[in-house]
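S.K.: Sharing protein.cif (mmCIF, C-alpha atoms) below.
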```cif
data_input
loop_
_atom_site.label_atom_id
_atom_site.label_comp_id
_atom_site.auth_asym_id
_atom_site.auth_seq_id
_atom_site.Cartn_x
_atom_site.Cartn_y
_atom_site.Cartn_z
CA MET C 1 159.11 123.94 138.17
CA LEU C 2 156.43 121.68 139.64
CA LYS C 3 156.92 121.54 143.39
CA GLY C 4 157.27 118.34 145.37
CA CYS C 5 154.68 116.70 147.58
CA SER C 6 153.44 118.33 150.79
CA ALA C 7 154.04 117.02 154.30
CA GLY C 8 150.54 115.57 154.36
CA PHE C 9 151.35 112.93 151.75
CA GLY C 10 151.73 109.40 153.06
CA TRP C 11 154.54 107.09 152.05
CA LEU C 12 152.50 105.31 149.38
CA ALA C 13 151.47 108.60 147.85
CA PHE C 14 155.10 109.72 147.91
CA GLN C 15 156.18 106.53 146.16
CA ALA C 16 153.49 106.96 143.50
CA LEU C 17 154.50 110.57 142.95
CA SER C 18 158.19 109.63 142.74
CA THR C 19 157.40 107.00 140.13
CA GLN C 20 155.36 109.54 138.17
CA LEU C 21 158.14 112.14 138.32
CA SER C 22 160.70 109.53 137.24
CA ALA C 23 158.53 108.68 134.23
CA ALA C 24 158.24 112.38 133.41
CA GLU C 25 162.04 112.64 133.37
CA GLN C 26 162.17 109.87 130.78
CA ASN C 27 159.23 111.20 128.81
CA PRO C 28 158.51 114.95 129.09
CA LEU C 29 154.94 114.33 127.90
CA ALA C 30 154.16 111.75 130.60
CA ALA C 31 151.25 112.63 132.89
CA LYS C 32 152.41 114.67 135.89
CA ALA C 33 150.87 115.25 139.28
CA PRO C 34 149.09 118.62 139.63
CA HIS C 35 149.70 120.91 142.58
CA PHE C 36 146.28 120.05 144.02
CA ALA C 37 143.14 118.14 143.07
CA PRO C 38 141.97 119.48 139.69
CA ARG C 39 138.40 120.32 138.70
CA ALA C 40 139.23 119.93 134.99
CA LYS C 41 141.42 117.36 133.27
CA ARG C 42 141.34 118.82 129.77
CA VAL C 43 140.52 122.05 127.90
CA ILE C 44 138.68 122.93 124.70
CA PHE C 45 139.13 126.58 123.76
CA LEU C 46 136.68 127.88 121.15
CA CYS C 47 138.61 130.89 119.88
CA MET C 48 136.48 133.42 118.00
CA ARG C 49 139.23 135.52 116.43
CA GLY C 50 138.31 139.07 115.48
CA ALA C 51 136.45 140.07 118.68
CA PRO C 52 132.73 139.19 118.91
CA SER C 53 130.39 142.00 119.91
CA HIS C 54 129.46 141.39 123.55
CA VAL C 55 126.50 143.80 123.48
CA ASP C 56 124.91 141.75 120.69
CA THR C 57 125.54 138.28 122.11
CA PHE C 58 125.79 137.77 125.89
CA ASP C 59 125.78 141.23 127.50
CA TYR C 60 122.18 142.52 127.51
CA LYS C 61 121.96 146.33 127.38
CA PRO C 62 118.34 147.59 127.33
CA ASP C 63 119.51 151.18 127.97
CA LEU C 64 121.68 151.02 124.86
CA LYS C 65 118.71 149.96 122.77
CA ARG C 66 116.54 152.69 124.29
CA ASP C 67 119.16 155.39 123.57
CA THR C 68 120.02 154.32 120.01
CA GLY C 69 120.91 157.38 117.96
CA LYS C 70 122.12 159.50 120.88
CA ILE C 71 125.71 160.66 121.01
CA GLY C 72 127.87 158.21 122.92
CA LYS C 73 131.30 158.38 124.57
CA GLY C 74 133.25 157.54 121.43
CA ARG C 75 136.31 159.50 120.40
CA ARG C 76 134.51 161.25 117.56
CA GLY C 77 131.10 161.56 119.13
CA GLU C 78 129.63 158.53 117.36
CA LYS C 79 126.00 157.66 117.84
CA LEU C 80 124.93 154.79 120.05
CA LEU C 81 123.70 151.64 118.32
CA GLY C 82 121.46 149.29 120.27
CA SER C 83 121.57 145.60 119.51
CA LEU C 84 119.73 144.58 116.38
CA TRP C 85 118.74 141.32 118.06
CA ASP C 86 116.42 140.49 120.94
CA PHE C 87 117.60 139.04 124.24
CA GLN C 88 115.67 136.62 126.42
CA LYS C 89 116.23 134.90 129.73
CA HIS C 90 117.11 131.22 129.43
CA GLY C 91 117.30 128.23 131.73
CA GLN C 92 116.39 128.04 135.39
CA SER C 93 119.19 130.53 136.01
CA GLY C 94 117.54 133.12 133.76
CA GLN C 95 120.69 134.13 131.91
CA TRP C 96 120.23 136.81 129.25
CA ILE C 97 121.35 135.47 125.86
CA SER C 98 120.82 136.93 122.39
CA GLU C 99 118.62 135.26 119.80
CA LEU C 100 121.83 134.86 117.79
CA PHE C 101 122.68 131.83 119.98
CA PRO C 102 119.52 129.72 120.33
CA GLY C 103 121.53 126.49 120.59
CA VAL C 104 123.95 127.73 123.23
CA ALA C 105 120.99 129.27 125.10
CA LYS C 106 119.67 125.75 125.74
CA HIS C 107 122.79 125.22 127.85
CA ALA C 108 122.37 128.45 129.84
CA ASP C 109 122.52 126.52 133.11
CA ASP C 110 125.87 124.97 132.12
CA ILE C 111 127.75 128.11 131.16
CA CYS C 112 129.31 130.86 133.24
CA ILE C 113 129.17 134.19 131.40
CA LEU C 114 132.03 136.59 132.20
CA ASN C 115 130.73 140.05 131.32
CA GLY C 116 133.55 142.00 132.96
CA MET C 117 136.51 140.90 130.81
CA GLN C 118 139.33 143.34 130.11
CA THR C 119 142.64 143.27 128.24
CA ASP C 120 145.40 145.81 127.59
CA ILE C 121 145.46 146.68 123.89
CA PRO C 122 142.55 147.21 121.41
CA ASN C 123 144.59 145.99 118.41
CA HIS C 124 144.02 142.50 117.05
CA PRO C 125 147.60 141.16 116.74
CA GLN C 126 148.66 142.25 120.21
CA ALA C 127 145.41 141.26 121.92
CA VAL C 128 145.30 137.83 120.27
CA VAL C 129 148.87 137.11 121.36
CA GLN C 130 148.17 138.33 124.90
CA MET C 131 145.06 136.14 125.08
CA HIS C 132 147.20 133.14 124.16
CA THR C 133 150.49 133.90 125.95
CA GLY C 134 149.80 136.57 128.57
CA ASN C 135 152.21 139.02 126.95
CA PHE C 136 151.96 140.99 123.70
CA GLN C 137 155.42 142.60 123.88
CA PHE C 138 157.71 139.56 124.04
CA VAL C 139 157.60 136.01 122.72
CA ARG C 140 156.28 133.81 125.51
CA PRO C 141 154.96 130.23 125.82
CA SER C 142 151.28 129.80 125.00
CA LEU C 143 148.54 128.83 127.44
CA GLY C 144 148.35 125.37 125.88
CA ALA C 145 152.11 124.89 126.15
CA TRP C 146 152.11 125.88 129.84
CA THR C 147 149.26 123.45 130.51
CA LEU C 148 151.07 120.60 128.77
CA TYR C 149 154.33 121.45 130.56
CA GLY C 150 152.56 121.39 133.91
CA LEU C 151 150.46 118.27 133.47
CA GLY C 152 151.76 116.22 130.56
CA THR C 153 149.30 114.20 128.51
CA GLU C 154 147.27 111.01 128.94
CA ASN C 155 147.98 109.46 125.53
CA SER C 156 151.60 109.08 124.46
CA LYS C 157 150.51 108.33 120.88
CA LEU C 158 148.92 111.75 120.35
CA PRO C 159 150.13 115.32 120.76
CA GLY C 160 149.15 116.77 124.11
CA PHE C 161 148.24 120.14 122.61
CA ILE C 162 146.42 120.48 119.29
CA THR C 163 145.19 123.60 117.50
CA ILE C 164 142.60 123.06 114.76
CA ALA C 165 142.54 125.52 111.83
CA PRO C 166 144.74 128.13 113.58
CA PRO C 167 144.51 131.65 112.15
CA ASN C 168 147.29 132.91 109.91
CA GLY C 169 147.30 136.42 111.37
CA GLY C 170 147.26 137.78 114.90
CA GLY C 171 150.64 136.35 115.91
CA GLY C 172 150.48 133.14 113.89
CA SER C 173 152.47 130.31 115.46
CA ARG C 174 153.20 132.38 118.58
CA ASN C 175 149.65 131.58 119.69
CA TYR C 176 150.48 127.89 120.05
CA GLY C 177 154.25 128.06 120.43
CA SER C 178 156.40 127.01 123.37
CA SER C 179 158.96 129.87 123.25
CA PHE C 180 161.65 129.06 125.84
CA LEU C 181 159.83 125.94 127.10
CA PRO C 182 161.11 122.73 125.49
CA ALA C 183 159.82 122.41 121.94
CA ILE C 184 157.89 119.23 122.75
CA TYR C 185 155.27 121.38 124.53
CA GLN C 186 154.30 123.47 121.52
CA GLY C 187 150.93 122.94 119.84
CA THR C 188 150.45 120.72 116.81
CA PRO C 189 148.50 122.59 114.12
CA ILE C 190 145.96 120.68 112.05
CA GLY C 191 144.78 122.46 108.93
CA ARG C 192 144.75 126.21 108.55
CA GLU C 193 142.34 129.09 108.58
CA ARG C 194 139.40 128.71 106.15
CA GLN C 195 140.59 125.27 105.00
CA ARG C 196 138.02 122.49 104.73
CA LEU C 197 138.65 119.96 107.48
CA ALA C 198 138.43 117.14 104.94
CA GLU C 199 141.60 118.62 103.42
CA ALA C 200 143.30 119.21 106.77
CA ARG C 201 145.92 116.61 107.45
CA LEU C 202 149.09 116.34 109.45
CA PRO C 203 151.83 116.38 106.81
CA ASN C 204 153.94 113.26 106.37
CA ILE C 205 151.87 111.24 108.85
CA ASP C 206 152.43 108.09 106.81
CA ASN C 207 155.34 106.68 104.84
CA PRO C 208 154.36 104.99 101.58
CA GLN C 209 157.90 103.69 101.03
CA LEU C 210 158.84 102.02 104.33
CA GLY C 211 156.96 99.74 106.68
CA THR C 212 156.88 100.17 110.47
CA ASP C 213 159.91 97.96 111.21
CA ALA C 214 162.05 99.61 108.55
CA GLN C 215 161.02 103.07 109.78
CA ARG C 216 161.97 102.10 113.33
CA ARG C 217 165.46 101.02 112.22
CA GLN C 218 165.86 104.21 110.21
CA LEU C 219 164.73 106.33 113.15
CA ASP C 220 167.07 104.50 115.55
CA LEU C 221 170.01 105.40 113.31
CA ILE C 222 168.99 109.06 113.12
CA GLN C 223 168.36 109.25 116.85
CA SER C 224 171.77 107.74 117.62
CA LEU C 225 173.35 110.62 115.68
CA ASN C 226 171.14 113.13 117.50
CA HIS C 227 172.14 111.70 120.88
CA GLN C 228 175.82 111.86 119.93
CA LYS C 229 175.45 115.56 119.14
CA LEU C 230 173.58 116.11 122.39
CA GLU C 231 176.42 114.45 124.33
CA ARG C 232 178.95 116.73 122.64
CA ASP C 233 176.92 119.88 123.21
CA ARG C 234 175.94 118.95 126.78
CA SER C 235 172.84 121.13 126.35
CA ASN C 236 170.97 121.78 123.12
CA PRO C 237 167.20 122.41 123.45
CA ALA C 238 166.72 122.30 119.67
CA VAL C 239 168.19 118.80 119.40
CA GLU C 240 166.28 117.65 122.49
CA GLY C 241 163.06 118.88 120.87
CA ILE C 242 163.87 117.08 117.62
CA ILE C 243 164.55 113.79 119.45
CA GLU C 244 161.21 113.94 121.27
CA SER C 245 159.23 115.12 118.25
CA TYR C 246 160.61 112.29 116.07
CA GLU C 247 159.54 109.71 118.63
CA LEU C 248 156.11 111.28 119.03
CA ALA C 249 155.65 111.43 115.25
CA PHE C 250 156.50 107.74 114.97
CA ARG C 251 153.89 106.86 117.60
CA MET C 252 151.31 109.16 116.00
CA GLN C 253 151.27 107.38 112.65
CA ALA C 254 148.82 104.71 113.73
CA GLU C 255 146.72 106.75 116.17
CA VAL C 256 146.10 110.12 114.49
CA PRO C 257 144.33 108.89 111.34
CA LYS C 258 141.91 106.86 113.46
CA VAL C 259 141.01 109.79 115.72
CA MET C 260 140.61 112.15 112.78
CA ASP C 261 138.27 109.81 110.92
CA VAL C 262 134.92 111.39 111.90
CA SER C 263 133.15 109.14 109.38
CA SER C 264 133.27 106.44 112.04
CA GLU C 265 130.82 108.46 114.16
CA PRO C 266 127.13 107.45 114.09
CA GLY C 267 124.99 109.37 111.63
CA HIS C 268 122.93 111.08 114.32
CA ILE C 269 126.09 112.47 115.94
CA ARG C 270 127.39 113.90 112.68
CA GLU C 271 123.95 115.37 112.03
CA MET C 272 123.86 116.90 115.51
CA TYR C 273 127.12 118.74 114.78
CA GLY C 274 125.77 119.93 111.43
CA ILE C 275 128.36 118.07 109.39
CA GLY C 276 127.39 118.08 105.73
CA ASP C 277 125.49 121.34 106.07
CA ARG C 278 126.88 124.24 104.01
CA THR C 279 126.59 126.63 106.94
CA THR C 280 127.68 124.56 109.92
CA GLY C 281 129.64 121.76 108.29
CA ALA C 282 133.17 123.16 108.59
CA PHE C 283 133.01 124.34 112.18
CA GLY C 284 130.90 121.35 113.17
CA ALA C 285 133.62 118.99 111.98
CA GLN C 286 136.19 120.92 114.00
CA CYS C 287 134.06 120.69 117.16
CA LEU C 288 133.48 116.97 116.68
CA LEU C 289 137.18 116.46 116.12
CA ALA C 290 137.89 118.39 119.34
CA ARG C 291 135.61 116.03 121.27
CA ARG C 292 137.32 113.00 119.73
CA PHE C 293 140.75 114.35 120.64
CA VAL C 294 139.96 115.09 124.30
CA GLU C 295 138.17 111.76 124.59
CA ALA C 296 141.36 110.10 123.31
CA GLY C 297 143.47 111.83 125.99
CA VAL C 298 144.66 115.09 124.42
CA ARG C 299 145.13 117.66 127.18
CA PHE C 300 144.44 120.95 125.36
CA VAL C 301 142.54 121.51 122.09
CA GLU C 302 141.91 124.88 120.47
CA VAL C 303 139.31 125.36 117.75
CA SER C 304 139.41 128.63 115.82
CA HIS C 305 136.78 130.52 113.88
CA SER C 306 137.32 133.76 111.93
CA ASN C 307 136.43 136.56 111.27
CA TRP C 308 134.40 138.45 113.87
CA ASP C 309 135.85 141.89 113.06
CA GLN C 310 132.66 143.73 112.09
CA HIS C 311 133.51 147.40 111.54
CA ARG C 312 130.62 147.49 109.08
CA ASN C 313 127.83 145.26 107.83
CA LEU C 314 127.21 144.12 111.40
CA GLU C 315 123.79 142.59 110.86
CA ALA C 316 124.73 140.24 108.03
CA ALA C 317 128.28 139.43 109.13
CA LEU C 318 127.57 138.74 112.80
CA SER C 319 124.48 136.70 111.91
CA ALA C 320 126.57 134.58 109.55
CA ASN C 321 129.24 133.92 112.18
CA CYS C 322 126.67 132.90 114.76
CA ASP C 323 124.79 130.71 112.29
CA GLN C 324 128.03 128.86 111.54
CA THR C 325 129.04 128.29 115.16
CA ASP C 326 125.96 128.17 117.42
CA GLY C 327 124.71 124.71 116.45
CA PRO C 328 128.12 123.01 116.56
CA ILE C 329 128.96 124.57 119.95
CA ALA C 330 125.61 123.45 121.38
CA ALA C 331 126.25 119.97 119.96
CA LEU C 332 129.70 119.89 121.57
CA LEU C 333 128.27 120.77 124.99
CA GLN C 334 125.50 118.20 124.63
CA ASP C 335 127.87 115.51 123.39
CA LEU C 336 130.29 116.07 126.27
CA LYS C 337 127.43 115.89 128.77
CA GLN C 338 126.05 112.69 127.27
CA ARG C 339 129.50 111.10 127.55
CA ASP C 340 129.94 112.35 131.13
CA LEU C 341 132.95 114.39 129.97
CA LEU C 342 131.73 117.94 130.56
CA LYS C 343 132.17 117.73 134.32
CA ASP C 344 135.96 117.54 133.92
CA THR C 345 136.38 119.19 130.51
CA LEU C 346 136.74 122.97 130.60
CA VAL C 347 135.09 124.52 127.52
CA MET C 348 135.88 128.20 126.88
CA TRP C 349 134.46 130.61 124.29
CA GLY C 350 135.57 134.10 123.35
CA GLY C 351 137.76 136.44 121.36
CA GLU C 352 140.57 138.88 122.06
CA PHE C 353 138.29 141.80 123.04
CA GLY C 354 134.80 143.16 122.41
CA ARG C 355 133.12 145.90 120.38
CA THR C 356 131.93 149.43 121.04
CA PRO C 357 128.31 150.34 121.85
CA HIS C 358 128.43 153.15 119.33
CA ALA C 359 128.05 152.70 115.61
CA GLN C 360 131.02 152.73 113.28
CA ASN C 361 130.43 153.41 109.60
CA GLY C 362 126.75 153.53 110.46
CA ASN C 363 126.31 149.75 110.67
CA GLY C 364 129.37 148.36 112.46
CA ARG C 365 131.24 148.46 115.76
CA ASP C 366 134.83 149.41 116.65
CA HIS C 367 137.32 147.68 118.96
CA ASN C 368 136.77 147.68 122.72
CA ASN C 369 139.29 146.20 125.17
CA LYS C 370 137.84 147.82 128.32
CA GLY C 371 134.83 145.55 128.60
CA PHE C 372 133.79 142.35 126.81
CA THR C 373 132.42 138.84 127.28
CA MET C 374 133.83 135.34 127.41
CA TRP C 375 132.12 132.25 128.78
CA MET C 376 133.23 128.99 130.34
CA ALA C 377 131.46 125.69 130.93
CA GLY C 378 132.19 122.41 132.69
CA GLY C 379 135.48 121.68 134.41
CA GLY C 380 134.48 122.95 137.83
CA VAL C 381 132.91 126.23 136.74
CA LYS C 382 129.58 127.39 138.19
CA GLY C 383 126.98 126.95 135.48
CA GLY C 384 124.07 129.37 135.21
CA LEU C 385 126.12 132.28 136.55
CA THR C 386 126.61 135.70 134.99
CA TYR C 387 129.71 137.21 136.57
CA GLY C 388 130.88 140.78 136.10
CA MET C 389 129.17 143.74 134.51
CA THR C 390 129.88 146.55 132.09
CA ASP C 391 128.29 150.00 132.35
CA GLU C 392 124.78 150.66 131.08
CA TYR C 393 125.97 150.90 127.48
CA GLY C 394 128.75 148.27 127.54
CA TYR C 395 131.74 150.57 127.16
CA GLU C 396 133.71 149.41 130.18
CA ALA C 397 133.73 146.74 132.89
CA VAL C 398 132.58 148.27 136.16
CA GLU C 399 131.95 145.29 138.46
CA ASN C 400 133.86 142.05 139.09
CA LYS C 401 136.44 142.83 136.44
CA VAL C 402 138.41 139.89 135.04
CA HIS C 403 141.64 140.79 133.30
CA ILE C 404 143.11 138.31 130.85
CA HIS C 405 145.78 137.51 133.50
CA ASP C 406 143.01 136.58 135.94
CA TRP C 407 141.43 134.40 133.27
CA HIS C 408 144.73 132.56 132.78
CA ALA C 409 145.23 132.12 136.54
CA THR C 410 141.71 130.71 136.88
CA ILE C 411 142.14 128.25 134.00
CA LEU C 412 145.36 126.88 135.52
CA HIS C 413 143.68 126.68 138.94
CA LEU C 414 140.83 124.63 137.52
CA MET C 415 143.44 122.30 136.05
CA GLY C 416 145.01 121.85 139.49
CA LEU C 417 147.93 124.20 138.88
CA ASN C 418 148.98 127.17 141.00
CA HIS C 419 149.86 129.88 138.49
CA GLU C 420 152.50 131.29 140.84
CA ARG C 421 154.24 127.92 141.22
CA LEU C 422 154.11 126.79 137.59
CA THR C 423 157.39 128.39 136.56
CA TYR C 424 160.31 127.77 134.21
CA ARG C 425 163.85 129.02 134.76
CA TRP C 426 165.10 130.93 131.75
CA ALA C 427 167.48 133.87 131.17
CA GLY C 428 168.29 134.06 134.85
CA ARG C 429 164.82 134.19 136.35
CA ASP C 430 161.66 132.15 136.85
CA PHE C 431 158.96 132.88 134.30
CA ARG C 432 155.25 132.06 134.51
CA LEU C 433 152.20 132.50 132.30
CA THR C 434 150.80 135.36 134.39
CA ASP C 435 154.21 137.03 134.95
CA VAL C 436 153.69 139.13 138.13
CA HIS C 437 149.92 139.44 137.67
CA GLY C 438 146.76 137.38 137.95
CA ASN C 439 144.20 136.47 140.59
CA VAL C 440 142.09 133.31 140.58
CA VAL C 441 138.41 134.22 140.18
CA ARG C 442 137.18 131.96 142.94
CA ASP C 443 133.58 133.20 142.77
CA ILE C 444 133.00 131.30 139.52
CA ILE C 445 134.39 127.97 140.78
CA SER C 446 131.81 125.41 141.89
#
```
Would you write out, as structure tokens, the structure that this file holds?
M.R.:
Amino acid sequence: MLKGCSAGFGWLAFQALSTQLSAAEQNPLAAKAPHFAPRAKRVIFLCMRGAPSHVDTFDYKPDLKRDTGKIGKGRRGEKLLGSLWDFQKHGQSGQWISELFPGVAKHADDICILNGMQTDIPNHPQAVVQMHTGNFQFVRPSLGAWTLYGLGTENSKLPGFITIAPPNGGGGSRNYGSSFLPAIYQGTPIGRERQRLAEARLPNIDNPQLGTDAQRRQLDLIQSLNHQKLERDRSNPAVEGIIESYELAFRMQAEVPKVMDVSSEPGHIREMYGIGDRTTGAFGAQCLLARRFVEAGVRFVEVSHSNWDQHRNLEAALSANCDQTDGPIAALLQDLKQRDLLKDTLVMWGGEFGRTPHAQNGNGRDHNNKGFTMWMAGGGVKGGLTYGMTDEYGYEAVENKVHIHDWHATILHLMGLNHERLTYRWAGRDFRLTDVHGNVVRDIIS
């Protein structure tokens, strides 16, 4: 549970906090006080499902390129495969970034590259679920759900946690679910994997048969029956979730269509995101929509892109993925900066693990959970910093390792939440996102 105020709070601060907590009791999505002053107010997670190759994107390995063709440390004695793309230093910070990301490279001084990432399992379904929930063995609340539970949202007419085009595989709805947390904290999916955003809609967002007043009377009747059942049962999380979700859905009817209407954006903004282009149009629309949602007060937005699982055909497949995403991501960073939103919006990029330095099938790379790359920008993170290092070939993190539990702890810290204090009592014990693990990576915090 969120802890109370410290002894240092004055009476006025205590009164304000009490009022805020009282509002939260009435509305579980109401904005809540963090444990301490946050660096970030909102999150955009750019999830690259399928595991991007770190040694071809943000982890420069000149020794790997030099030793291409030699026998590596793979299980079957596979040959090393140096990156097929050139790396250059970018920005005043001189960060090494592959030519695959020329747009992102222009923001080298804004991003913090984590080259020492690690996770537990090199299998997609388990690793994707662990990246989202901290645990691949049991059903647990997602990162977005924990964030919403801890902080609430700033716009009562919109969901506090939205996932755009979530993948069908790799755990499915577990990646944005609330598990034992109240159902109101689960993510709201918009669209699905590989669906055009123009076709992505929240189902039943409008009612062609009843006007607003008639819908309100209908909903009041239904809710009175739900409350009667809740009084009989004393405790029924499913009914509580239904009551809250019905009210939220009613409020969303007017707000969601307006926020999702990207046609209202100026032409130069849509062009900057690559909307209308065959290559960048789909992901560009998702990134623009993410900016519109966080600007409207949504706490946590996830944008997904698949598939980065290149066991073969690395050159063509990885190039295609980067061509589709680089421009829109660069546009998102630029747009947030222009609107003075990047400073308190945490933008994160990455997949569930990385790829091997050795070749698979001659022109691909296998799974690698021992060392990979993610990056973060804005929201109190040190820009222009490369943190952590893998060995000379990129097999394994060897310096400043960041486990996925540490990543989670750091995200919550940037949001003003102590990962050890953000707990929920269930099945006889207090649960948290990081379980009994996790250390805040303070070296990357500005």
S.K.: Neighbours of Pro166 (chain C) within 12 Å (only C-alpha atoms; same-chain residues fewer than 6 positions away dropped), as an NGL selection string?
M.R.: :C and (45-49 or 128 or 132 or 172-177 or 187-195 or 197 or 200 or 286 or 301-306)
S.K.: Would you write out those residues with C-alpha atoms, as a PDB file, in the frame of the given file?
M.R.:
```
ATOM      1  CA  PHE C  45     139.130 126.580 123.760  1.00  0.00           C
ATOM      2  CA  LEU C  46     136.680 127.880 121.150  1.00  0.00           C
ATOM      3  CA  CYS C  47     138.610 130.890 119.880  1.00  0.00           C
ATOM      4  CA  MET C  48     136.480 133.420 118.000  1.00  0.00           C
ATOM      5  CA  ARG C  49     139.230 135.520 116.430  1.00  0.00           C
ATOM      6  CA  VAL C 128     145.300 137.830 120.270  1.00  0.00           C
ATOM      7  CA  HIS C 132     147.200 133.140 124.160  1.00  0.00           C
ATOM      8  CA  GLY C 172     150.480 133.140 113.890  1.00  0.00           C
ATOM      9  CA  SER C 173     152.470 130.310 115.460  1.00  0.00           C
ATOM     10  CA  ARG C 174     153.200 132.380 118.580  1.00  0.00           C
ATOM     11  CA  ASN C 175     149.650 131.580 119.690  1.00  0.00           C
ATOM     12  CA  TYR C 176     150.480 127.890 120.050  1.00  0.00           C
ATOM     13  CA  GLY C 177     154.250 128.060 120.430  1.00  0.00           C
ATOM     14  CA  GLY C 187     150.930 122.940 119.840  1.00  0.00           C
ATOM     15  CA  THR C 188     150.450 120.720 116.810  1.00  0.00           C
ATOM     16  CA  PRO C 189     148.500 122.590 114.120  1.00  0.00           C
ATOM     17  CA  ILE C 190     145.960 120.680 112.050  1.00  0.00           C
ATOM     18  CA  GLY C 191     144.780 122.460 108.930  1.00  0.00           C
ATOM     19  CA  ARG C 192     144.750 126.210 108.550  1.00  0.00           C
ATOM     20  CA  GLU C 193     142.340 129.090 108.580  1.00  0.00           C
ATOM     21  CA  ARG C 194     139.400 128.710 106.150  1.00  0.00           C
ATOM     22  CA  GLN C 195     140.590 125.270 105.000  1.00  0.00           C
ATOM     23  CA  LEU C 197     138.650 119.960 107.480  1.00  0.00           C
ATOM     24  CA  ALA C 200     143.300 119.210 106.770  1.00  0.00           C
ATOM     25  CA  GLN C 286     136.190 120.920 114.000  1.00  0.00           C
ATOM     26  CA  VAL C 301     142.540 121.510 122.090  1.00  0.00           C
ATOM     27  CA  GLU C 302     141.910 124.880 120.470  1.00  0.00           C
ATOM     28  CA  VAL C 303     139.310 125.360 117.750  1.00  0.00           C
ATOM     29  CA  SER C 304     139.410 128.630 115.820  1.00  0.00           C
ATOM     30  CA  HIS C 305     136.780 130.520 113.880  1.00  0.00           C
ATOM     31  CA  SER C 306     137.320 133.760 111.930  1.00  0.00           C
TER      32      SER C 306
END
```
S.K.: Name the residues that the PyMOL selection byres ((chain C and resi 414) around 7) pulls out of this structure, and write them as a PyMOL selection string.
M.R.: chain C and resi 38-40+379-380+410-413+415-416
S.K.: Compare C:Gly150, C:Gly171, C:Gly94, C:Gly82 by their minimum atom-to-atom distance to Thr133 (chain C), counting only C-alpha atoms, and give me the closest one.
M.R.: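 Selected residue with least distance to Thr133 (chain C): C:Gly171.
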S.K.: Counting all atoms listed in the file, select every polymer residue within 8 Å of (140.0, 121.0, 123.1) as defined in the file's coordinates, and provide the selection as a count of residues only.
M.R.: 17
S.K.: To one decimal place, how far is CA of Glu420 (chain C) from CA of Thr434 (chain C) in Å?
M.R.: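 CA of Thr434 (chain C) lies at a distance of 7.8 Å from CA of Glu420 (chain C).
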